[in-house]
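Data block for work.pdb (PDB, C-alpha atoms):
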```pdb
ATOM      1  CA  MET A  22     -55.004 -30.392 -53.041
ATOM      2  CA  LYS A  23     -53.812 -28.549 -49.958
ATOM      3  CA  ASN A  24     -56.036 -25.943 -48.360
ATOM      4  CA  PRO A  25     -54.578 -22.525 -49.372
ATOM      5  CA  VAL A  26     -55.788 -20.897 -46.157
ATOM      6  CA  LYS A  27     -53.953 -23.449 -44.038
ATOM      7  CA  LYS A  28     -50.832 -22.932 -46.148
ATOM      8  CA  VAL A  29     -50.904 -19.156 -45.570
ATOM      9  CA  LEU A  30     -51.453 -19.596 -41.813
ATOM     10  CA  ALA A  31     -48.535 -22.004 -41.634
ATOM     11  CA  LEU A  32     -46.246 -19.545 -43.402
ATOM     12  CA  VAL A  33     -47.328 -16.723 -41.097
ATOM     13  CA  SER A  34     -46.657 -18.890 -38.032
ATOM     14  CA  VAL A  35     -43.166 -19.787 -39.253
ATOM     15  CA  GLY A  36     -42.450 -16.103 -39.913
ATOM     16  CA  ILE A  37     -43.581 -15.051 -36.445
ATOM     17  CA  LEU A  38     -41.493 -17.816 -34.848
ATOM     18  CA  ALA A  39     -38.422 -16.790 -36.842
ATOM     19  CA  LEU A  40     -38.839 -13.158 -35.817
ATOM     20  CA  GLY A  41     -39.230 -14.191 -32.195
ATOM     21  CA  LEU A  42     -36.054 -16.279 -32.290
ATOM     22  CA  ALA A  43     -34.144 -13.472 -33.987
ATOM     23  CA  GLY A  44     -35.377 -11.047 -31.368
ATOM     24  CA  CYS A  45     -34.250 -13.330 -28.549
ATOM     25  CA  GLY A  46     -30.854 -13.832 -30.146
ATOM     26  CA  GLY A  47     -30.383 -10.083 -30.534
ATOM     27  CA  SER A  48     -31.360  -9.459 -26.921
ATOM     28  CA  GLN A  49     -28.894 -12.023 -25.588
ATOM     29  CA  SER A  50     -26.119 -10.605 -27.747
ATOM     30  CA  GLY A  51     -26.871  -7.111 -26.489
ATOM     31  CA  ASP A  52     -26.932  -8.302 -22.888
ATOM     32  CA  LYS A  53     -23.583 -10.004 -23.304
ATOM     33  CA  LYS A  54     -22.058  -6.882 -24.845
ATOM     34  CA  ALA A  55     -23.465  -4.713 -22.058
ATOM     35  CA  ALA A  56     -22.094  -7.101 -19.446
ATOM     36  CA  LYS A  57     -18.704  -7.074 -21.172
ATOM     37  CA  ASP A  58     -18.717  -3.281 -21.369
ATOM     38  CA  SER A  59     -19.675  -2.924 -17.712
ATOM     39  CA  GLY A  60     -17.037  -5.431 -16.658
ATOM     40  CA  ASP A  61     -14.319  -4.023 -18.856
ATOM     41  CA  LYS A  62     -12.864  -1.641 -16.248
ATOM     42  CA  LYS A  63      -9.105  -1.767 -16.717
ATOM     43  CA  ALA A  64      -7.531  -3.040 -13.528
ATOM     44  CA  ILE A  65      -4.969  -0.776 -11.888
ATOM     45  CA  VAL A  66      -2.264  -3.227 -10.841
ATOM     46  CA  VAL A  67      -0.939  -2.334  -7.393
ATOM     47  CA  ALA A  68       2.345  -3.659  -6.029
ATOM     48  CA  THR A  69       2.328  -4.038  -2.248
ATOM     49  CA  ARG A  70       4.668  -5.917   0.069
ATOM     50  CA  GLY A  71       1.990  -8.283   1.431
ATOM     51  CA  THR A  72       4.089  -9.237   4.458
ATOM     52  CA  ALA A  73       4.259  -5.887   6.256
ATOM     53  CA  LYS A  74       1.636  -5.921   8.987
ATOM     54  CA  PRO A  75      -0.296  -3.677   9.666
ATOM     55  CA  PHE A  76      -0.016  -2.028   6.222
ATOM     56  CA  SER A  77      -0.227  -4.954   3.826
ATOM     57  CA  PHE A  78      -0.558  -8.581   4.917
ATOM     58  CA  THR A  79      -2.551 -11.794   4.499
ATOM     59  CA  ASP A  80      -5.109 -12.491   7.226
ATOM     60  CA  ASP A  81      -6.076 -15.864   8.739
ATOM     61  CA  LYS A  82      -8.571 -16.463   5.918
ATOM     62  CA  GLY A  83      -5.972 -15.920   3.209
ATOM     63  CA  ASN A  84      -7.223 -12.459   2.237
ATOM     64  CA  LEU A  85      -4.884  -9.563   1.540
ATOM     65  CA  THR A  86      -5.649  -6.704   3.918
ATOM     66  CA  GLY A  87      -3.945  -3.966   5.937
ATOM     67  CA  TYR A  88      -4.132  -0.206   6.221
ATOM     68  CA  ASP A  89      -2.838   0.652   2.724
ATOM     69  CA  VAL A  90      -4.900  -2.101   1.108
ATOM     70  CA  GLU A  91      -8.143  -1.156   2.875
ATOM     71  CA  ILE A  92      -7.768   2.498   1.870
ATOM     72  CA  LEU A  93      -7.737   1.461  -1.783
ATOM     73  CA  LYS A  94     -10.650  -0.938  -1.283
ATOM     74  CA  GLU A  95     -12.685   1.918   0.199
ATOM     75  CA  ILE A  96     -11.706   4.211  -2.696
ATOM     76  CA  GLU A  97     -12.840   1.527  -5.138
ATOM     77  CA  LYS A  98     -16.230   1.332  -3.382
ATOM     78  CA  ARG A  99     -16.704   5.066  -3.676
ATOM     79  CA  ASP A 100     -15.565   5.345  -7.295
ATOM     80  CA  PRO A 101     -16.873   2.458  -9.459
ATOM     81  CA  SER A 102     -14.630   3.573 -12.332
ATOM     82  CA  LEU A 103     -11.591   2.378 -10.351
ATOM     83  CA  HIS A 104     -10.607  -1.242  -9.836
ATOM     84  CA  PHE A 105      -7.415  -2.256  -8.020
ATOM     85  CA  GLU A 106      -5.664  -5.583  -8.496
ATOM     86  CA  PHE A 107      -3.009  -6.295  -5.853
ATOM     87  CA  LYS A 108       0.282  -8.080  -6.487
ATOM     88  CA  PRO A 109       2.452  -8.822  -3.428
ATOM     89  CA  MET A 110       6.156  -8.129  -3.990
ATOM     90  CA  SER A 111       9.125  -6.423  -2.364
ATOM     91  CA  PRO A 112       9.588  -2.660  -2.933
ATOM     92  CA  ASP A 113      12.711  -3.242  -5.056
ATOM     93  CA  ALA A 114      10.820  -5.692  -7.279
ATOM     94  CA  ALA A 115       7.916  -3.238  -7.443
ATOM     95  CA  PHE A 116      10.076  -0.510  -9.004
ATOM     96  CA  VAL A 117      11.434  -2.975 -11.568
ATOM     97  CA  ALA A 118       7.862  -4.048 -12.374
ATOM     98  CA  MET A 119       6.807  -0.405 -12.626
ATOM     99  CA  LYS A 120       9.573   0.302 -15.126
ATOM    100  CA  SER A 121       8.453  -2.615 -17.317
ATOM    101  CA  LYS A 122       4.789  -1.562 -16.953
ATOM    102  CA  GLN A 123       3.824  -4.786 -15.184
ATOM    103  CA  VAL A 124       2.396  -2.712 -12.336
ATOM    104  CA  ASP A 125       0.782   0.724 -12.344
ATOM    105  CA  MET A 126       1.065   1.735  -8.724
ATOM    106  CA  ILE A 127       2.867   1.033  -5.428
ATOM    107  CA  ALA A 128       1.098   0.945  -2.055
ATOM    108  CA  ASN A 129       3.906   0.601   0.436
ATOM    109  CA  GLN A 130       4.076   3.647   2.730
ATOM    110  CA  MET A 131       5.948   5.642   0.103
ATOM    111  CA  ARG A 132       7.618   8.859   1.260
ATOM    112  CA  ARG A 133       8.385  11.716  -1.119
ATOM    113  CA  ASN A 134      11.787  11.567  -2.704
ATOM    114  CA  PRO A 135      13.109  14.251  -5.133
ATOM    115  CA  THR A 136      14.646  11.625  -7.430
ATOM    116  CA  ARG A 137      11.461   9.579  -7.571
ATOM    117  CA  GLU A 138       9.306  12.656  -8.081
ATOM    118  CA  LYS A 139      11.002  13.127 -11.464
ATOM    119  CA  LYS A 140      10.106   9.587 -12.535
ATOM    120  CA  TYR A 141       6.759   8.861 -10.898
ATOM    121  CA  ILE A 142       3.480  10.417  -9.784
ATOM    122  CA  TYR A 143       2.722  10.827  -6.096
ATOM    123  CA  THR A 144      -0.758  11.348  -4.743
ATOM    124  CA  THR A 145      -1.168  14.791  -3.181
ATOM    125  CA  GLU A 146      -3.213  13.691  -0.168
ATOM    126  CA  SER A 147      -1.170  11.785   2.416
ATOM    127  CA  ASN A 148      -2.250   8.394   3.755
ATOM    128  CA  ASN A 149      -0.745   8.801   7.210
ATOM    129  CA  TYR A 150       2.348  10.004   9.059
ATOM    130  CA  THR A 151       5.145   7.718  10.164
ATOM    131  CA  ALA A 152       6.362   7.688  13.752
ATOM    132  CA  ARG A 153       9.805   6.103  13.671
ATOM    133  CA  LYS A 154      11.448   5.176  16.956
ATOM    134  CA  LEU A 155      14.462   3.169  18.017
ATOM    135  CA  VAL A 156      13.710  -0.470  18.832
ATOM    136  CA  VAL A 157      15.697  -2.588  21.275
ATOM    137  CA  LYS A 158      15.288  -5.944  22.951
ATOM    138  CA  GLU A 159      12.821  -5.814  25.812
ATOM    139  CA  GLY A 160      14.463  -4.775  29.059
ATOM    140  CA  ARG A 161      17.510  -3.171  27.486
ATOM    141  CA  THR A 162      18.225   0.323  28.853
ATOM    142  CA  ASP A 163      21.564   1.442  27.382
ATOM    143  CA  ILE A 164      20.027   2.682  24.111
ATOM    144  CA  GLN A 165      17.577   5.570  24.297
ATOM    145  CA  SER A 166      18.643   7.924  21.512
ATOM    146  CA  PHE A 167      20.551   8.023  18.226
ATOM    147  CA  ASP A 168      23.719   9.124  20.021
ATOM    148  CA  ASP A 169      23.741   5.777  21.848
ATOM    149  CA  LEU A 170      24.135   3.820  18.600
ATOM    150  CA  GLY A 171      27.859   4.464  18.027
ATOM    151  CA  GLY A 172      29.692   1.142  17.740
ATOM    152  CA  LYS A 173      26.420  -0.820  17.764
ATOM    153  CA  LYS A 174      24.977  -3.194  15.184
ATOM    154  CA  VAL A 175      21.753  -1.776  13.762
ATOM    155  CA  ALA A 176      19.246  -3.549  11.496
ATOM    156  CA  ILE A 177      18.304  -1.352   8.525
ATOM    157  CA  THR A 178      16.034  -1.635   5.502
ATOM    158  CA  SER A 179      18.184  -0.379   2.635
ATOM    159  CA  ASN A 180      15.576   1.869   0.977
ATOM    160  CA  SER A 181      14.262   3.510   4.173
ATOM    161  CA  GLU A 182      14.695   7.043   5.447
ATOM    162  CA  PHE A 183      16.286   5.508   8.555
ATOM    163  CA  ASN A 184      19.158   4.364   6.334
ATOM    164  CA  ASP A 185      19.707   8.006   5.327
ATOM    165  CA  MET A 186      19.861   8.981   8.998
ATOM    166  CA  VAL A 187      22.455   6.297   9.736
ATOM    167  CA  LYS A 188      24.628   7.434   6.821
ATOM    168  CA  GLU A 189      24.537  11.038   8.079
ATOM    169  CA  PHE A 190      25.393   9.888  11.615
ATOM    170  CA  ASN A 191      28.412   7.906  10.390
ATOM    171  CA  LYS A 192      29.830  10.947   8.576
ATOM    172  CA  SER A 193      30.487  12.738  11.866
ATOM    173  CA  HIS A 194      30.708  10.023  14.548
ATOM    174  CA  GLN A 195      33.423   7.589  15.552
ATOM    175  CA  PRO A 196      32.846   4.795  16.196
ATOM    176  CA  GLY A 197      30.026   4.743  13.675
ATOM    177  CA  ILE A 198      27.000   2.513  13.410
ATOM    178  CA  GLU A 199      27.571  -0.957  11.976
ATOM    179  CA  PRO A 200      24.621  -1.546   9.612
ATOM    180  CA  ILE A 201      22.996  -4.937   9.056
ATOM    181  CA  TYR A 202      21.064  -4.501   5.818
ATOM    182  CA  SER A 203      17.822  -6.308   5.135
ATOM    183  CA  ASP A 204      15.509  -6.326   2.125
ATOM    184  CA  LYS A 205      12.635  -8.023   3.966
ATOM    185  CA  GLY A 206      11.513  -5.010   5.948
ATOM    186  CA  ALA A 207      10.458  -4.570   9.554
ATOM    187  CA  ALA A 208       9.670  -8.245  10.208
ATOM    188  CA  GLU A 209      13.278  -9.315   9.699
ATOM    189  CA  ASN A 210      14.703  -6.251  11.457
ATOM    190  CA  LEU A 211      12.618  -6.892  14.570
ATOM    191  CA  ASN A 212      13.650 -10.551  14.595
ATOM    192  CA  LEU A 213      17.303  -9.517  14.421
ATOM    193  CA  VAL A 214      16.779  -7.322  17.484
ATOM    194  CA  ALA A 215      14.705  -9.907  19.370
ATOM    195  CA  THR A 216      17.377 -12.591  18.881
ATOM    196  CA  GLY A 217      20.264 -10.275  19.794
ATOM    197  CA  ARG A 218      21.888 -10.356  16.352
ATOM    198  CA  ALA A 219      21.297  -6.603  16.149
ATOM    199  CA  ASP A 220      21.489  -4.129  19.028
ATOM    200  CA  ALA A 221      18.745  -1.924  17.638
ATOM    201  CA  ALA A 222      16.613  -0.985  14.658
ATOM    202  CA  GLY A 223      14.603   2.060  13.651
ATOM    203  CA  GLU A 224      10.995   1.103  12.973
ATOM    204  CA  TYR A 225       7.523   2.588  13.039
ATOM    205  CA  GLU A 226       5.974   2.609  16.478
ATOM    206  CA  TYR A 227       2.776   0.891  15.321
ATOM    207  CA  VAL A 228       4.737  -1.948  13.654
ATOM    208  CA  VAL A 229       6.558  -2.599  16.934
ATOM    209  CA  ASN A 230       3.271  -2.622  18.865
ATOM    210  CA  VAL A 231       1.749  -5.163  16.455
ATOM    211  CA  ALA A 232       4.828  -7.410  16.723
ATOM    212  CA  ARG A 233       4.664  -7.320  20.542
ATOM    213  CA  LYS A 234       0.924  -7.909  20.720
ATOM    214  CA  GLU A 235       0.384 -10.511  18.023
ATOM    215  CA  GLN A 236       3.742 -12.282  17.725
ATOM    216  CA  GLY A 237       4.954 -11.906  21.288
ATOM    217  CA  LEU A 238       8.323 -10.549  20.135
ATOM    218  CA  PRO A 239      10.414  -9.304  23.088
ATOM    219  CA  VAL A 240      11.082  -5.866  21.579
ATOM    220  CA  GLN A 241      10.182  -2.340  22.623
ATOM    221  CA  ALA A 242      10.169   1.132  21.086
ATOM    222  CA  VAL A 243      12.260   3.589  23.106
ATOM    223  CA  GLY A 244      12.970   7.301  23.177
ATOM    224  CA  SER A 245      11.141  10.016  21.302
ATOM    225  CA  VAL A 246       9.919  10.017  17.701
ATOM    226  CA  MET A 247      13.077  10.395  15.592
ATOM    227  CA  GLN A 248      11.339  11.080  12.338
ATOM    228  CA  SER A 249       7.801  11.635  11.142
ATOM    229  CA  VAL A 250       7.026  12.009   7.451
ATOM    230  CA  PRO A 251       3.833  11.740   5.407
ATOM    231  CA  THR A 252       3.339   8.670   3.206
ATOM    232  CA  PHE A 253       1.615   8.480  -0.169
ATOM    233  CA  PHE A 254       0.659   6.186  -3.021
ATOM    234  CA  LEU A 255       3.060   6.208  -5.964
ATOM    235  CA  LEU A 256       1.951   5.734  -9.588
ATOM    236  CA  ARG A 257       3.503   5.172 -12.990
ATOM    237  CA  LYS A 258       4.063   8.451 -14.814
ATOM    238  CA  ASP A 259       1.629   8.868 -17.699
ATOM    239  CA  PRO A 260      -1.520  10.959 -18.330
ATOM    240  CA  LYS A 261      -3.951   8.116 -17.571
ATOM    241  CA  MET A 262      -2.334   7.385 -14.226
ATOM    242  CA  GLN A 263      -2.399  11.099 -13.410
ATOM    243  CA  GLU A 264      -6.188  10.914 -13.798
ATOM    244  CA  VAL A 265      -6.213   7.945 -11.407
ATOM    245  CA  ALA A 266      -4.075   9.861  -8.903
ATOM    246  CA  ASP A 267      -6.465  12.820  -9.080
ATOM    247  CA  ARG A 268      -9.454  10.557  -8.373
ATOM    248  CA  ILE A 269      -7.656   8.920  -5.455
ATOM    249  CA  ASP A 270      -6.832  12.349  -4.005
ATOM    250  CA  GLN A 271     -10.431  13.487  -4.309
ATOM    251  CA  ILE A 272     -11.743  10.470  -2.408
ATOM    252  CA  LEU A 273      -8.934  10.491   0.168
ATOM    253  CA  LYS A 274      -9.898  14.055   0.988
ATOM    254  CA  GLN A 275     -13.512  12.946   1.489
ATOM    255  CA  MET A 276     -12.354  10.076   3.715
ATOM    256  CA  LYS A 277     -10.425  12.525   5.895
ATOM    257  CA  GLU A 278     -13.381  14.868   6.157
ATOM    258  CA  ASP A 279     -15.919  12.174   7.072
ATOM    259  CA  GLY A 280     -13.598  10.392   9.539
ATOM    260  CA  THR A 281     -13.194   7.149   7.556
ATOM    261  CA  LEU A 282      -9.412   7.456   7.239
ATOM    262  CA  LYS A 283      -9.039   8.114  10.972
ATOM    263  CA  LYS A 284     -11.180   5.059  11.689
ATOM    264  CA  LEU A 285      -8.973   2.862   9.486
ATOM    265  CA  SER A 286      -5.846   4.246  11.152
ATOM    266  CA  ILE A 287      -7.152   3.407  14.621
ATOM    267  CA  GLN A 288      -8.258  -0.055  13.454
ATOM    268  CA  TYR A 289      -4.978  -1.035  11.791
ATOM    269  CA  LEU A 290      -2.305   1.250  13.284
ATOM    270  CA  GLY A 291      -3.596   1.490  16.857
ATOM    271  CA  LYS A 292      -4.297   5.233  16.938
ATOM    272  CA  ASP A 293      -4.832   8.228  14.688
ATOM    273  CA  TYR A 294      -1.715   8.686  12.570
ATOM    274  CA  THR A 295      -3.532  10.686   9.903
ATOM    275  CA  VAL A 296      -2.205  13.772  11.701
ATOM    276  CA  GLN A 297       1.499  14.312  12.397
ATOM    277  CA  PRO A 298       2.533  12.947  15.822
ATOM    278  CA  GLN A 299       4.203  15.378  18.198
TER     279      GLN A 299
END
```
Same coordinates, now as structure tokens:
Amino acid sequence: MKNPVKKVLALVSVGILALGLAGCGGSQSGDKKAAKDSGDKKAIVVATRGTAKPFSFTDDKGNLTGYDVEILKEIEKRDPSLHFEFKPMSPDAAFVAMKSKQVDMIANQMRRNPTREKKYIYTTESNNYTARKLVVKEGRTDIQSFDDLGGKKVAITSNSEFNDMVKEFNKSHQPGIEPIYSDKGAAENLNLVATGRADAAGEYEYVVNVARKEQGLPVQAVGSVMQSVPTFFLLRKDPKMQEVADRIDQILKQMKEDGTLKKLSIQYLGKDYTVQPQ
């Protein structure tokens, strides 16, 4: 006959072991749920060109960087509730993706546009100011101002404010400007000028400086600043994205006050373009 005391002790031991295992299982489940909850931040999908140095480009290590990208990375550091996921694409593709809700936001030096303001949300705080100048092949001296462009071939990005300027010029000047339209941005426009296929282009001063310094392109910015406008981030229009825009604005303001935005501008754009150039 079995010892009843031993039988009771055995049952108690099994019970304690079962409780311990249950406790461990519950703890692991809770940890997993907590980890899932903490990692469940909904990514804000950001369309950015990815080939437009110094704003958005891939560095030598294969990492997406640039002025616009690094602003958002800094905002993400300061506000853990925000997480940005970048998707390189052209601006035209970005608007199509925005319409189909494949992206939530565009980081591509967006200027305010009355038509777009009806459809999208703009941040209130500006990222920087543009400084658009005429660009010609190095050594060329016959083009110094807009009035010198009559009868010339000019490389133009179709959705830029420079395109608007050319259209206005052609309404009142003969001969007018012969546009060469590009959808690949400044990189293609500068190549058209460097190879002589275009007489001029209208590009941001800091983009020209980067192309000269890092790619050795024989181009130069000439004349005075033709146009300077503030640029912003643009977001899909819905209440949740308005909350995101408000958070971005709050942190951008802090970055201006503590000098971080100026530092990024100097690092990527060559000087402080967070204030309007004269």
Report task. Let me know the residues the PyMOL selection byres ((chain A and resi 167-169) around 9) catches in the file above, as a count of residues only. Result -> 13
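Counting from atom CA of A:Val214, the distance to atom CA of A:Val175 is 8.3 Å.
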Report task. For A:Arg70, please output as number ranges by chain all residues within 6 Å (counting all atoms listed in the file; exclusion window: fewer than 5 positions along the same chain). Result -> A: 109-111
**Report entry** 8 Å contact set for stretch 115-126 of chain A, all atoms listed in the file, chain neighbours under 5 positions out, as JSON, numbers by chain
**Finding:** {"A": [65, 66, 67, 68, 69, 110, 254, 255, 256, 257, 262]}
Query - Atomic distance atom CA of A:Thr79 - atom CA of A:Phe107, expressed in Å with one decimal - result: 11.7 Å
Query raised in the report: Pick the closest to A:Val157 from A:Val246, A:Ala221, A:Ala207, A:Leu273: which is it, counting only C-alpha atoms?
Result: A:Ala221
**Report entry** Resolved residues for the PyMOL selection byres ((chain A and resi 104) around 7) as a VMD selection string
**Finding:** chain A and resid 62 64 to 65 97 102 to 103 105 to 106
Query raised in the report: For this file, the PyMOL selection byres ((chain A and resi 143-149) around 6) selects which residues, as a PyMOL selection string?
Result: chain A and resi 142+150+251-255+266+270+294-295
Around all listed atoms of stretch 203-217 of chain A, padded 4 Å per side, what centre and edge lengths does the axis-aligned box have in Å to one decimal, as AutoDock Vina command-line options?
```
--center_x 15.0 --center_y -8.6 --center_z 11.0 --size_x 18.6 --size_y 16.0 --size_z 25.7
```
Query raised in the report: What does the distance between atom CA of A:Lys158 and atom CA of A:Ser249 come to in Å, to one decimal place?
Result: 22.5 Å
**Report entry** Contacts of A:Ala215 within 9 Å, all atoms listed in the file, excl. fewer than 5 positions in-chain, as a list in words
**Finding:**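 The filter keeps Val157, Lys158, Glu159, Asn210, Asp220, Leu238, Pro239 and Val240 of chain A.
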Query raised in the report: With all atoms listed in the file as the basis for distance, which of A:Gly206, A:Pro101, A:Pro75, A:Pro260 is at the shortest distance from A:Ala222?
Result: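 Among A:Gly206, A:Pro101, A:Pro75, A:Pro260, it is A:Gly206 that comes nearest to A:Ala222.
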Report summary line: Counting all atoms listed in the file, the residue among A:Pro112, A:Gly160, A:Gly87, A:Gly291 that lies closest to A:Tyr225 is A:Gly291
Start from the incomplete input, build N, CA and C atoms for stretch 118-142 of chain A, and deliver everything as a PDB file, keeping the file's coordinate frame.
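So the final result, stored in rebuild.pdb, reads:
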```pdb
ATOM      1  N   ALA A 118       9.131  -3.747 -11.699  1.00  0.00           N
ATOM      2  CA  ALA A 118       7.862  -4.048 -12.374  1.00  0.00           C
ATOM      3  C   ALA A 118       7.198  -2.782 -12.902  1.00  0.00           C
ATOM      4  N   MET A 119       7.349  -1.681 -12.182  1.00  0.00           N
ATOM      5  CA  MET A 119       6.807  -0.405 -12.626  1.00  0.00           C
ATOM      6  C   MET A 119       7.496   0.045 -13.919  1.00  0.00           C
ATOM      7  N   LYS A 120       8.801  -0.121 -13.954  1.00  0.00           N
ATOM      8  CA  LYS A 120       9.573   0.302 -15.126  1.00  0.00           C
ATOM      9  C   LYS A 120       9.160  -0.481 -16.368  1.00  0.00           C
ATOM     10  N   SER A 121       8.851  -1.770 -16.188  1.00  0.00           N
ATOM     11  CA  SER A 121       8.453  -2.615 -17.317  1.00  0.00           C
ATOM     12  C   SER A 121       6.945  -2.606 -17.549  1.00  0.00           C
ATOM     13  N   LYS A 122       6.237  -1.741 -16.814  1.00  0.00           N
ATOM     14  CA  LYS A 122       4.789  -1.562 -16.953  1.00  0.00           C
ATOM     15  C   LYS A 122       3.980  -2.812 -16.566  1.00  0.00           C
ATOM     16  N   GLN A 123       4.566  -3.637 -15.701  1.00  0.00           N
ATOM     17  CA  GLN A 123       3.824  -4.786 -15.184  1.00  0.00           C
ATOM     18  C   GLN A 123       2.923  -4.381 -14.024  1.00  0.00           C
ATOM     19  N   VAL A 124       3.261  -3.281 -13.368  1.00  0.00           N
ATOM     20  CA  VAL A 124       2.396  -2.712 -12.336  1.00  0.00           C
ATOM     21  C   VAL A 124       2.214  -1.227 -12.612  1.00  0.00           C
ATOM     22  N   ASP A 125       1.111  -0.686 -12.107  1.00  0.00           N
ATOM     23  CA  ASP A 125       0.782   0.724 -12.344  1.00  0.00           C
ATOM     24  C   ASP A 125       1.016   1.594 -11.124  1.00  0.00           C
ATOM     25  N   MET A 126       1.142   0.951  -9.962  1.00  0.00           N
ATOM     26  CA  MET A 126       1.065   1.735  -8.724  1.00  0.00           C
ATOM     27  C   MET A 126       1.745   0.952  -7.595  1.00  0.00           C
ATOM     28  N   ILE A 127       2.267   1.670  -6.603  1.00  0.00           N
ATOM     29  CA  ILE A 127       2.867   1.033  -5.428  1.00  0.00           C
ATOM     30  C   ILE A 127       2.168   1.546  -4.173  1.00  0.00           C
ATOM     31  N   ALA A 128       1.707   0.613  -3.349  1.00  0.00           N
ATOM     32  CA  ALA A 128       1.098   0.945  -2.055  1.00  0.00           C
ATOM     33  C   ALA A 128       1.986   0.350  -0.981  1.00  0.00           C
ATOM     34  N   ASN A 129       2.927   1.143  -0.504  1.00  0.00           N
ATOM     35  CA  ASN A 129       3.906   0.601   0.436  1.00  0.00           C
ATOM     36  C   ASN A 129       4.493   1.715   1.305  1.00  0.00           C
ATOM     37  N   GLN A 130       3.610   2.575   1.853  1.00  0.00           N
ATOM     38  CA  GLN A 130       4.076   3.647   2.730  1.00  0.00           C
ATOM     39  C   GLN A 130       5.185   4.459   2.074  1.00  0.00           C
ATOM     40  N   MET A 131       4.922   4.941   0.866  1.00  0.00           N
ATOM     41  CA  MET A 131       5.948   5.642   0.103  1.00  0.00           C
ATOM     42  C   MET A 131       6.103   7.091   0.575  1.00  0.00           C
ATOM     43  N   ARG A 132       7.328   7.467   0.896  1.00  0.00           N
ATOM     44  CA  ARG A 132       7.618   8.859   1.260  1.00  0.00           C
ATOM     45  C   ARG A 132       8.085   9.600   0.020  1.00  0.00           C
ATOM     46  N   ARG A 133       7.951  10.911   0.033  1.00  0.00           N
ATOM     47  CA  ARG A 133       8.385  11.716  -1.119  1.00  0.00           C
ATOM     48  C   ARG A 133       9.909  11.716  -1.199  1.00  0.00           C
ATOM     49  N   ASN A 134      10.370  11.630  -2.438  1.00  0.00           N
ATOM     50  CA  ASN A 134      11.787  11.567  -2.704  1.00  0.00           C
ATOM     51  C   ASN A 134      12.033  12.362  -3.990  1.00  0.00           C
ATOM     52  N   PRO A 135      12.906  13.393  -3.953  1.00  0.00           N
ATOM     53  CA  PRO A 135      13.109  14.251  -5.133  1.00  0.00           C
ATOM     54  C   PRO A 135      13.463  13.479  -6.401  1.00  0.00           C
ATOM     55  N   THR A 136      14.263  12.427  -6.259  1.00  0.00           N
ATOM     56  CA  THR A 136      14.646  11.625  -7.430  1.00  0.00           C
ATOM     57  C   THR A 136      13.438  10.897  -7.998  1.00  0.00           C
ATOM     58  N   ARG A 137      12.645  10.314  -7.116  1.00  0.00           N
ATOM     59  CA  ARG A 137      11.461   9.579  -7.571  1.00  0.00           C
ATOM     60  C   ARG A 137      10.398  10.508  -8.138  1.00  0.00           C
ATOM     61  N   GLU A 138      10.324  11.709  -7.600  1.00  0.00           N
ATOM     62  CA  GLU A 138       9.306  12.656  -8.081  1.00  0.00           C
ATOM     63  C   GLU A 138       9.504  12.999  -9.556  1.00  0.00           C
ATOM     64  N   LYS A 139      10.735  12.864 -10.046  1.00  0.00           N
ATOM     65  CA  LYS A 139      11.002  13.127 -11.464  1.00  0.00           C
ATOM     66  C   LYS A 139      10.518  11.976 -12.350  1.00  0.00           C
ATOM     67  N   LYS A 140      10.418  10.786 -11.755  1.00  0.00           N
ATOM     68  CA  LYS A 140      10.106   9.587 -12.535  1.00  0.00           C
ATOM     69  C   LYS A 140       8.666   9.095 -12.369  1.00  0.00           C
ATOM     70  N   TYR A 141       8.065   9.433 -11.223  1.00  0.00           N
ATOM     71  CA  TYR A 141       6.759   8.861 -10.898  1.00  0.00           C
ATOM     72  C   TYR A 141       5.776   9.941 -10.454  1.00  0.00           C
ATOM     73  N   ILE A 142       4.534   9.528 -10.294  1.00  0.00           N
ATOM     74  CA  ILE A 142       3.480  10.417  -9.784  1.00  0.00           C
ATOM     75  C   ILE A 142       3.203  10.045  -8.330  1.00  0.00           C
TER      76      ILE A 142
END
```
